[in-house]
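Peer 1: My structure is stored as my_file-v3.pdb, with PDB, C-alpha atoms.
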```pdb
ATOM      1  CA  MET A  48     -12.188 -12.061  -2.527
ATOM      2  CA  THR A  49     -14.563  -9.933  -4.672
ATOM      3  CA  GLY A  50     -15.875  -6.859  -2.879
ATOM      4  CA  LYS A  51     -13.775  -7.308   0.265
ATOM      5  CA  TYR A  52     -11.231  -4.548  -0.265
ATOM      6  CA  TYR A  53     -12.029  -0.984   0.770
ATOM      7  CA  HIS A  54     -11.869   1.810  -1.785
ATOM      8  CA  PRO A  55     -12.840   5.483  -1.258
ATOM      9  CA  LYS A  56     -16.171   6.747  -2.550
ATOM     10  CA  GLY A  57     -15.292  10.433  -2.623
ATOM     11  CA  GLY A  58     -18.083  12.949  -2.223
ATOM     12  CA  LEU A  59     -18.193  15.716   0.374
ATOM     13  CA  PRO A  60     -19.677  15.708   3.892
ATOM     14  CA  PRO A  61     -22.746  17.912   4.493
ATOM     15  CA  GLN A  62     -22.424  21.259   6.261
ATOM     16  CA  THR A  63     -23.958  19.641   9.370
ATOM     17  CA  HIS A  64     -21.089  17.126   9.625
ATOM     18  CA  LEU A  65     -18.810  17.416  12.677
ATOM     19  CA  THR A  66     -15.346  18.718  11.843
ATOM     20  CA  THR A  67     -13.627  16.384  14.307
ATOM     21  CA  GLU A  68     -11.772  13.477  12.637
ATOM     22  CA  ARG A  69      -9.012  10.997  13.443
ATOM     23  CA  ALA A  70      -6.401  12.576  11.150
ATOM     24  CA  ILE A  71      -3.044  13.185  12.836
ATOM     25  CA  VAL A  72       0.433  14.092  11.610
ATOM     26  CA  THR A  73       3.466  13.669  13.867
ATOM     27  CA  GLU A  74       7.216  13.332  13.339
ATOM     28  CA  ALA A  75       6.972   9.576  13.990
ATOM     29  CA  TYR A  76       3.742   8.654  12.226
ATOM     30  CA  THR A  77       0.752   9.920  10.265
ATOM     31  CA  VAL A  78      -2.830   8.654  10.135
ATOM     32  CA  ILE A  79      -5.012   9.666   7.180
ATOM     33  CA  PRO A  80      -8.501   8.295   7.918
ATOM     34  CA  LYS A  81     -10.901   7.319   5.165
ATOM     35  CA  GLY A  82     -13.290  10.120   6.141
ATOM     36  CA  VAL A  83     -10.984  12.856   4.850
ATOM     37  CA  MET A  84     -10.591  11.359   1.362
ATOM     38  CA  THR A  85     -13.151  13.583  -0.330
ATOM     39  CA  ASP A  86     -13.505  14.879  -3.869
ATOM     40  CA  ILE A  87     -11.755  18.170  -3.126
ATOM     41  CA  VAL A  88      -8.410  16.556  -2.228
ATOM     42  CA  THR A  89      -8.022  14.507  -5.418
ATOM     43  CA  SER A  90      -5.424  15.120  -8.113
ATOM     44  CA  THR A  91      -5.404  14.356 -11.811
ATOM     45  CA  LEU A  92      -2.395  12.426 -13.107
ATOM     46  CA  PRO A  93      -0.370  13.343 -16.212
ATOM     47  CA  GLY A  94      -0.921  10.898 -19.063
ATOM     48  CA  PHE A  95      -4.206   9.531 -17.623
ATOM     49  CA  THR A  96      -7.738  10.172 -18.853
ATOM     50  CA  ASN A  97     -10.967   9.978 -16.805
ATOM     51  CA  THR A  98      -8.839   9.389 -13.708
ATOM     52  CA  ARG A  99      -8.429  10.892 -10.245
ATOM     53  CA  SER A 100      -6.107  10.046  -7.377
ATOM     54  CA  TRP A 101      -5.675  10.499  -3.655
ATOM     55  CA  ILE A 102      -1.973  10.924  -2.893
ATOM     56  CA  LEU A 103      -1.392   9.308   0.495
ATOM     57  CA  ALA A 104       2.379   9.672   0.832
ATOM     58  CA  ARG A 105       5.227  11.489  -0.890
ATOM     59  CA  PRO A 106       8.815  12.303   0.078
ATOM     60  CA  ILE A 107       8.725  15.553   2.054
ATOM     61  CA  ALA A 108      10.423  16.745   5.230
ATOM     62  CA  GLY A 109       8.994  14.959   8.244
ATOM     63  CA  PHE A 110       7.152  12.347   6.205
ATOM     64  CA  SER A 111       7.932   9.618   3.670
ATOM     65  CA  THR A 112      11.587   9.297   2.665
ATOM     66  CA  THR A 113      11.636   6.269   0.343
ATOM     67  CA  PHE A 114       8.283   5.971  -1.429
ATOM     68  CA  SER A 115       5.044   7.489  -2.662
ATOM     69  CA  GLN A 116       1.623   5.882  -2.405
ATOM     70  CA  LEU A 117      -1.583   6.724  -4.221
ATOM     71  CA  ILE A 118      -5.170   5.564  -4.490
ATOM     72  CA  VAL A 119      -6.067   5.767  -8.173
ATOM     73  CA  GLU A 120      -9.604   5.623  -9.563
ATOM     74  CA  ILE A 121     -10.137   5.192 -13.309
ATOM     75  CA  GLY A 122     -13.575   5.658 -14.831
ATOM     76  CA  PRO A 123     -14.976   3.669 -17.790
ATOM     77  CA  GLY A 124     -12.869   4.174 -20.903
ATOM     78  CA  GLY A 125     -10.100   5.890 -18.958
ATOM     79  CA  GLY A 126      -6.508   5.013 -18.270
ATOM     80  CA  ALA A 127      -3.001   5.701 -19.531
ATOM     81  CA  PRO A 128      -1.085   4.017 -22.369
ATOM     82  CA  VAL A 129       2.089   4.828 -20.404
ATOM     83  CA  ALA A 130       1.634   5.210 -16.646
ATOM     84  CA  GLU A 131       5.195   5.543 -15.340
ATOM     85  CA  PHE A 132       7.464   8.217 -16.821
ATOM     86  CA  GLU A 133      10.440   7.927 -14.455
ATOM     87  CA  LYS A 134      12.662   5.166 -15.810
ATOM     88  CA  GLY A 135      14.391   4.452 -12.495
ATOM     89  CA  VAL A 136      11.142   3.958 -10.577
ATOM     90  CA  GLU A 137       9.638   0.577  -9.676
ATOM     91  CA  GLY A 138       6.054   0.131  -8.624
ATOM     92  CA  VAL A 139       3.310  -2.102  -7.308
ATOM     93  CA  VAL A 140      -0.332  -1.965  -8.365
ATOM     94  CA  PHE A 141      -2.949  -3.709  -6.190
ATOM     95  CA  VAL A 142      -6.564  -3.641  -7.404
ATOM     96  CA  THR A 143      -9.211  -3.028  -4.733
ATOM     97  CA  LYS A 144     -12.279  -2.624  -6.992
ATOM     98  CA  GLY A 145     -13.237  -3.521 -10.537
ATOM     99  CA  LYS A 146     -11.246  -4.795 -13.482
ATOM    100  CA  VAL A 147      -8.420  -3.175 -15.417
ATOM    101  CA  ASN A 148      -6.271  -4.196 -18.350
ATOM    102  CA  LEU A 149      -2.543  -3.913 -17.702
ATOM    103  CA  THR A 150      -0.235  -3.801 -20.700
ATOM    104  CA  LEU A 151       3.258  -4.697 -19.482
ATOM    105  CA  ASP A 152       6.176  -4.733 -21.911
ATOM    106  CA  GLY A 153       3.781  -5.599 -24.731
ATOM    107  CA  GLU A 154       1.803  -8.293 -22.884
ATOM    108  CA  LEU A 155      -1.824  -7.874 -21.816
ATOM    109  CA  HIS A 156      -2.898  -8.884 -18.296
ATOM    110  CA  ALA A 157      -6.471  -8.613 -16.976
ATOM    111  CA  LEU A 158      -6.361  -7.622 -13.313
ATOM    112  CA  GLU A 159      -9.435  -8.070 -11.122
ATOM    113  CA  GLU A 160     -10.011  -7.296  -7.428
ATOM    114  CA  GLY A 161      -7.019  -8.640  -5.532
ATOM    115  CA  GLY A 162      -4.824  -8.483  -8.640
ATOM    116  CA  TYR A 163      -1.184  -7.604  -7.940
ATOM    117  CA  ALA A 164       1.517  -6.454 -10.328
ATOM    118  CA  TYR A 165       5.162  -5.708  -9.570
ATOM    119  CA  LEU A 166       6.430  -3.285 -12.219
ATOM    120  CA  ALA A 167      10.193  -3.228 -12.465
ATOM    121  CA  ALA A 168      12.146  -0.024 -12.997
ATOM    122  CA  GLY A 169      12.456   0.561 -16.733
ATOM    123  CA  ALA A 170       9.390  -1.508 -17.628
ATOM    124  CA  THR A 171       6.894   0.004 -20.076
ATOM    125  CA  TRP A 172       3.360  -0.338 -18.793
ATOM    126  CA  GLY A 173      -0.071   1.213 -18.997
ATOM    127  CA  LEU A 174      -3.620   0.693 -17.784
ATOM    128  CA  ALA A 175      -7.021   0.758 -19.473
ATOM    129  CA  ASN A 176     -10.472   0.459 -17.917
ATOM    130  CA  VAL A 177     -12.551  -1.352 -20.530
ATOM    131  CA  SER A 178     -15.439  -2.057 -18.122
ATOM    132  CA  ASP A 179     -18.616  -0.093 -17.415
ATOM    133  CA  ASP A 180     -17.668   0.652 -13.798
ATOM    134  CA  ILE A 181     -14.820   2.378 -11.997
ATOM    135  CA  VAL A 182     -11.609   0.588 -11.117
ATOM    136  CA  SER A 183      -9.716   1.537  -7.961
ATOM    137  CA  PHE A 184      -6.194   0.487  -7.007
ATOM    138  CA  GLN A 185      -3.260   1.193  -4.746
ATOM    139  CA  TRP A 186      -0.129   2.378  -6.555
ATOM    140  CA  ILE A 187       3.161   2.334  -4.631
ATOM    141  CA  ARG A 188       6.280   3.833  -6.258
ATOM    142  CA  LYS A 189       9.925   3.723  -5.206
ATOM    143  CA  ALA A 190      13.246   4.725  -6.797
ATOM    144  CA  TYR A 191      14.889   1.358  -7.411
ATOM    145  CA  GLU A 192      18.280   0.948  -5.741
ATOM    146  CA  ARG A 193      20.241  -1.379  -8.000
ATOM    147  CA  LEU A 194      22.686  -3.916  -6.608
ATOM    148  CA  GLU A 195      25.446  -5.322  -8.801
ATOM    149  CA  GLY A 196      24.564  -8.820  -9.993
ATOM    150  CA  TYR A 197      20.839  -8.519  -9.230
ATOM    151  CA  GLU A 198      17.873  -7.169 -11.166
ATOM    152  CA  ALA A 199      14.215  -7.301 -10.144
ATOM    153  CA  LYS A 200      11.835  -8.540 -12.852
ATOM    154  CA  SER A 201       8.203  -7.599 -13.396
ATOM    155  CA  PHE A 202       5.491 -10.130 -12.564
ATOM    156  CA  VAL A 203       1.711 -10.383 -12.202
ATOM    157  CA  THR A 204      -0.156 -12.433  -9.592
ATOM    158  CA  SER A 205      -3.040 -11.972  -7.119
ATOM    159  CA  ASP A 206      -3.952 -12.149  -3.453
ATOM    160  CA  ALA A 207      -5.852 -15.382  -4.116
ATOM    161  CA  GLU A 208      -2.856 -17.055  -5.809
ATOM    162  CA  VAL A 209      -0.349 -16.599  -2.985
ATOM    163  CA  GLU A 210      -0.665 -18.700   0.168
ATOM    164  CA  PRO A 211      -0.270 -16.648   3.363
ATOM    165  CA  THR A 212       2.521 -17.690   5.738
ATOM    166  CA  ALA A 213       1.686 -17.970   9.437
ATOM    167  CA  MET A 214       4.019 -16.013  11.678
ATOM    168  CA  PRO A 215       5.906 -18.207  14.188
ATOM    169  CA  ASP A 216       4.120 -19.204  17.395
ATOM    170  CA  THR A 217       0.821 -17.490  16.469
ATOM    171  CA  ASN A 218      -1.377 -20.509  15.618
ATOM    172  CA  GLY A 219      -2.366 -18.761  12.391
ATOM    173  CA  ALA A 220      -3.757 -15.668  14.119
ATOM    174  CA  TRP A 221      -1.162 -13.514  12.273
ATOM    175  CA  LYS A 222      -0.240 -14.290   8.665
ATOM    176  CA  THR A 223       1.672 -12.523   5.908
ATOM    177  CA  THR A 224       1.063 -12.854   2.173
ATOM    178  CA  ARG A 225       4.503 -12.298   0.640
ATOM    179  CA  PHE A 226       4.576 -11.671  -3.088
ATOM    180  CA  THR A 227       8.382 -11.800  -3.225
ATOM    181  CA  ASP A 228      10.949 -13.764  -1.237
ATOM    182  CA  SER A 229      12.246 -11.680   1.677
ATOM    183  CA  SER A 230      15.783 -12.935   1.050
ATOM    184  CA  ASP A 231      15.808 -12.065  -2.676
ATOM    185  CA  LEU A 232      18.373  -9.263  -2.959
ATOM    186  CA  ALA A 233      17.002  -8.259  -6.345
ATOM    187  CA  HIS A 234      14.157  -6.585  -4.452
ATOM    188  CA  ASP A 235      14.815  -3.488  -2.358
ATOM    189  CA  MET A 236      11.232  -3.305  -1.145
ATOM    190  CA  GLN A 237       8.282  -5.535  -0.366
ATOM    191  CA  VAL A 238       4.579  -4.822  -0.623
ATOM    192  CA  ASN A 239       2.795  -7.562   1.314
ATOM    193  CA  ILE A 240      -0.635  -8.193   2.808
ATOM    194  CA  VAL A 241      -0.797  -8.763   6.556
ATOM    195  CA  THR A 242      -3.810 -10.601   7.999
ATOM    196  CA  PHE A 243      -4.944 -10.886  11.620
ATOM    197  CA  GLN A 244      -7.779 -13.025  12.872
ATOM    198  CA  PRO A 245     -10.066 -11.339  15.429
ATOM    199  CA  GLY A 246      -8.039 -10.956  18.609
ATOM    200  CA  GLY A 247      -4.751 -11.599  16.788
ATOM    201  CA  ALA A 248      -1.926  -9.292  17.757
ATOM    202  CA  ILE A 249       1.606  -8.096  17.238
ATOM    203  CA  PRO A 250       2.537  -8.858  20.855
ATOM    204  CA  PHE A 251       5.527  -6.529  21.163
ATOM    205  CA  PRO A 252       6.416  -3.019  19.916
ATOM    206  CA  GLU A 253       8.310  -3.630  16.656
ATOM    207  CA  THR A 254      11.094  -1.054  16.375
ATOM    208  CA  HIS A 255      13.108  -1.377  13.164
ATOM    209  CA  VAL A 256      14.809   0.393  10.289
ATOM    210  CA  MET A 257      12.082  -0.238   7.686
ATOM    211  CA  GLU A 258       9.798   2.658   6.796
ATOM    212  CA  HIS A 259       6.149   1.648   6.389
ATOM    213  CA  GLY A 260       3.064   2.620   4.466
ATOM    214  CA  LEU A 261      -0.062   0.722   5.615
ATOM    215  CA  TYR A 262      -3.405   0.851   3.831
ATOM    216  CA  VAL A 263      -6.182  -0.966   5.677
ATOM    217  CA  LEU A 264      -8.047  -3.240   3.259
ATOM    218  CA  GLN A 265     -10.493  -4.889   5.665
ATOM    219  CA  GLY A 266     -11.612  -4.799   9.297
ATOM    220  CA  LYS A 267     -10.555  -2.695  12.267
ATOM    221  CA  ALA A 268      -7.892  -2.732  14.978
ATOM    222  CA  MET A 269      -6.130  -0.815  17.695
ATOM    223  CA  TYR A 270      -2.659   0.187  16.468
ATOM    224  CA  LEU A 271       0.255   1.312  18.608
ATOM    225  CA  LEU A 272       2.075   4.155  16.845
ATOM    226  CA  ASN A 273       5.064   5.450  18.802
ATOM    227  CA  ASP A 274       3.447   5.845  22.250
ATOM    228  CA  ASP A 275      -0.164   6.340  21.104
ATOM    229  CA  TRP A 276      -2.900   3.731  20.687
ATOM    230  CA  VAL A 277      -4.965   4.662  17.618
ATOM    231  CA  GLU A 278      -8.137   2.979  16.362
ATOM    232  CA  VAL A 279      -8.050   2.303  12.620
ATOM    233  CA  GLU A 280     -10.445   0.723  10.119
ATOM    234  CA  ALA A 281     -10.747  -0.243   6.456
ATOM    235  CA  GLY A 282      -9.862   2.702   4.237
ATOM    236  CA  ASP A 283      -7.407   4.332   6.651
ATOM    237  CA  PHE A 284      -3.766   4.933   5.744
ATOM    238  CA  MET A 285      -0.818   5.005   8.130
ATOM    239  CA  TRP A 286       2.755   6.133   7.555
ATOM    240  CA  LEU A 287       5.417   5.024  10.051
ATOM    241  CA  ARG A 288       8.925   6.455  10.003
ATOM    242  CA  ALA A 289      11.933   4.201  10.499
ATOM    243  CA  PHE A 290      12.207   2.979  14.109
ATOM    244  CA  CYS A 291       8.686   4.084  15.060
ATOM    245  CA  PRO A 292       7.507   1.535  17.678
ATOM    246  CA  GLN A 293       4.460  -0.320  16.383
ATOM    247  CA  ALA A 294       2.076  -3.075  17.464
ATOM    248  CA  CYS A 295      -1.607  -3.893  17.058
ATOM    249  CA  TYR A 296      -4.460  -6.133  18.014
ATOM    250  CA  ALA A 297      -7.404  -6.916  15.729
ATOM    251  CA  GLY A 298     -10.836  -5.974  16.970
ATOM    252  CA  GLY A 299     -13.050  -8.248  14.864
ATOM    253  CA  PRO A 300     -15.654  -9.369  14.084
ATOM    254  CA  GLY A 301     -13.899 -10.180  10.800
ATOM    255  CA  GLU A 302     -10.285 -10.301   9.667
ATOM    256  CA  PHE A 303      -8.061  -7.232   9.887
ATOM    257  CA  ARG A 304      -5.967  -6.932   6.699
ATOM    258  CA  TYR A 305      -3.654  -4.269   5.376
ATOM    259  CA  LEU A 306      -1.340  -3.667   2.435
ATOM    260  CA  LEU A 307       2.156  -3.079   3.838
ATOM    261  CA  TYR A 308       5.106  -1.323   2.172
ATOM    262  CA  LYS A 309       8.628  -1.589   3.537
ATOM    263  CA  ASP A 310      12.114  -0.835   2.206
ATOM    264  CA  MET A 311      14.684  -3.575   2.781
ATOM    265  CA  ASN A 312      17.706  -5.594   1.604
ATOM    266  CA  ARG A 313      20.123  -2.699   1.140
ATOM    267  CA  GLN A 314      23.112  -1.444   3.137
ATOM    268  CA  ILE A 315      22.738   1.973   4.784
ATOM    269  CA  ARG A 316      24.502   4.623   2.718
ATOM    270  CA  LEU A 317      26.740   6.917   4.772
ATOM    271  CA  THR A 318      28.679   8.772   2.053
TER     272      THR A 318
END
```
Could you spell out this file's structure in structure tokens?
Peer 2:
Amino acid sequence: MTGKYYHPKGGLPPQTHLTTERAIVTEAYTVIPKGVMTDIVTSTLPGFTNTRSWILARPIAGFSTTFSQLIVEIGPGGGAPVAEFEKGVEGVVFVTKGKVNLTLDGELHALEEGGYAYLAAGATWGLANVSDDIVSFQWIRKAYERLEGYEAKSFVTSDAEVEPTAMPDTNGAWKTTRFTDSSDLAHDMQVNIVTFQPGGAIPFPETHVMEHGLYVLQGKAMYLLNDDWVEVEAGDFMWLRAFCPQACYAGGPGEFRYLLYKDMNRQIRLT
């Protein structure tokens, strides 16, 4: 899978560049296209060295309610001995470029492109770029909602190690790579990879309680967001509020793949 995942390059458009872009923010959804992820909108992260980030989602009014999502880029020699400071926060790291060393509760794991780590709330972990090139990864964070009798455990795997599951009645045109079992109540979220073959589609407007963050890893598609059809491509990010109608069809010529966050497996709190 080397080299197949999109990562931002930064930089800044020239003064002759058209201002028009595909960025849109609504109450039901947001699209942050790859073209707006420039150097001037990056943030440094506490505890990290030689690192910058693009913050794609955070809990604010009218936007994300359950998670934050970042693109993180670490230069050679950079990283953080301790990356997560909030003890009640779980996370997922998915590497889109380069190689990075993950130290997780005292164990060293070498993550390459496509590498995936679930980092349980309370785990001690850090990252170090020991290569001569940048490493880029998606970092999704959520406050873990504990359930009596269950406890999510950290693990490390990769896109290549997990066999995608074909969705029913799609002849393999729509598959989902699930890194955790959907029925495992220890997990209150999933971060999966969804894959469509050219022409593959979600053939109905999904309307459900799960909030979504979608980062397009490969390809392009037309995506239905609420009542708007929006064209998206590798490097774009979408946020969808709970119950936002959604569907898509993949445009080709290659696969359309995205990293998908959703909250799940918990009762709705009313008091």
Peer 1: Tell me which protein, DNA and RNA residues are within 9 Å of Val140 (chain A), counting all atoms listed in the file, leaving out same-chain ones fewer than 3 positions away, and put them as a short mmCIF file (atom, residue, chain, number, x, y, z; two decimals) with C-alpha atoms, in the frame of the given file.
Peer 2:
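So the final result, stored in out_2.cif, reads:
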```
data_model
loop_
_atom_site.label_atom_id
_atom_site.label_comp_id
_atom_site.auth_asym_id
_atom_site.auth_seq_id
_atom_site.Cartn_x
_atom_site.Cartn_y
_atom_site.Cartn_z
CA GLY A 162 -4.82 -8.48 -8.64
CA TYR A 163 -1.18 -7.60 -7.94
CA ALA A 164 1.52 -6.45 -10.33
CA TYR A 165 5.16 -5.71 -9.57
CA LEU A 166 6.43 -3.28 -12.22
CA PHE A 184 -6.19 0.49 -7.01
CA GLN A 185 -3.26 1.19 -4.75
CA TRP A 186 -0.13 2.38 -6.56
CA ILE A 187 3.16 2.33 -4.63
#
```
Peer 1: Compile the contact shell of region 116-122 of chain A as a ChimeraX atom specification: residues with an atom at most 10 Å away, counting only C-alpha atoms, same-chain residues fewer than 2 positions apart removed.
Peer 2: /A:54-56,84,89-92,95-106,111,114,124-127,138-145,147,174-189,260-262,284,308
Peer 1: Can you pull out every residue within 8 Å of Gly94 (chain A), counting all atoms listed in the file, but drop anything in the same chain fewer than 6 positions away, and send it as a VMD selection string?
Peer 2: chain A and resid 127 to 130
Peer 1: Just checking: using only C-alpha atoms, which residue out of A:Asp152, A:Glu133, A:Glu210, A:Asp283 ends up closest to Thr77 (chain A)?
Peer 2: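 Nearest candidate to Thr77 (chain A) out of A:Asp152, A:Glu133, A:Glu210, A:Asp283: A:Asp283.
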Peer 1: Could you write out as a list in words the residues that the PyMOL selection byres ((chain A and resi 220) around 9) matches in the shown file?
Peer 2: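 When the PyMOL selection byres ((chain A and resi 220) around 9) is applied to the shown file, the picked residues are Ala213, Met214, Thr217, Asn218, Gly219, Trp221, Lys222, Thr242, Phe243, Gln244, Pro245, Gly246, Gly247 and Ala248 of chain A.
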Peer 1: Hey, what comes out of the PyMOL selection byres ((chain A and resi 263) around 8) on this file? Could you write it as a list in words?
Peer 2: Tyr53, Leu261, Tyr262, Leu264, Gln265, Gly266, Val279, Glu280, Ala281, Gly282, Asp283, Phe284, Phe303, Arg304, Tyr305 and Leu306 of chain A
Peer 1: Which of these residues is nearest to Asp231 (chain A), using only C-alpha atoms: A:His259, A:Ser205, A:Ala199, A:Pro252?
Peer 2: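 Comparing A:His259, A:Ser205, A:Ala199, A:Pro252 against Asp231 (chain A), the winner is A:Ala199.
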Peer 1: Using all atoms listed in the file, find the one residue out of A:Arg288, A:His64, A:His234, A:Lys134 that sits nearest to Met257 (chain A).
Peer 2: A:Arg288
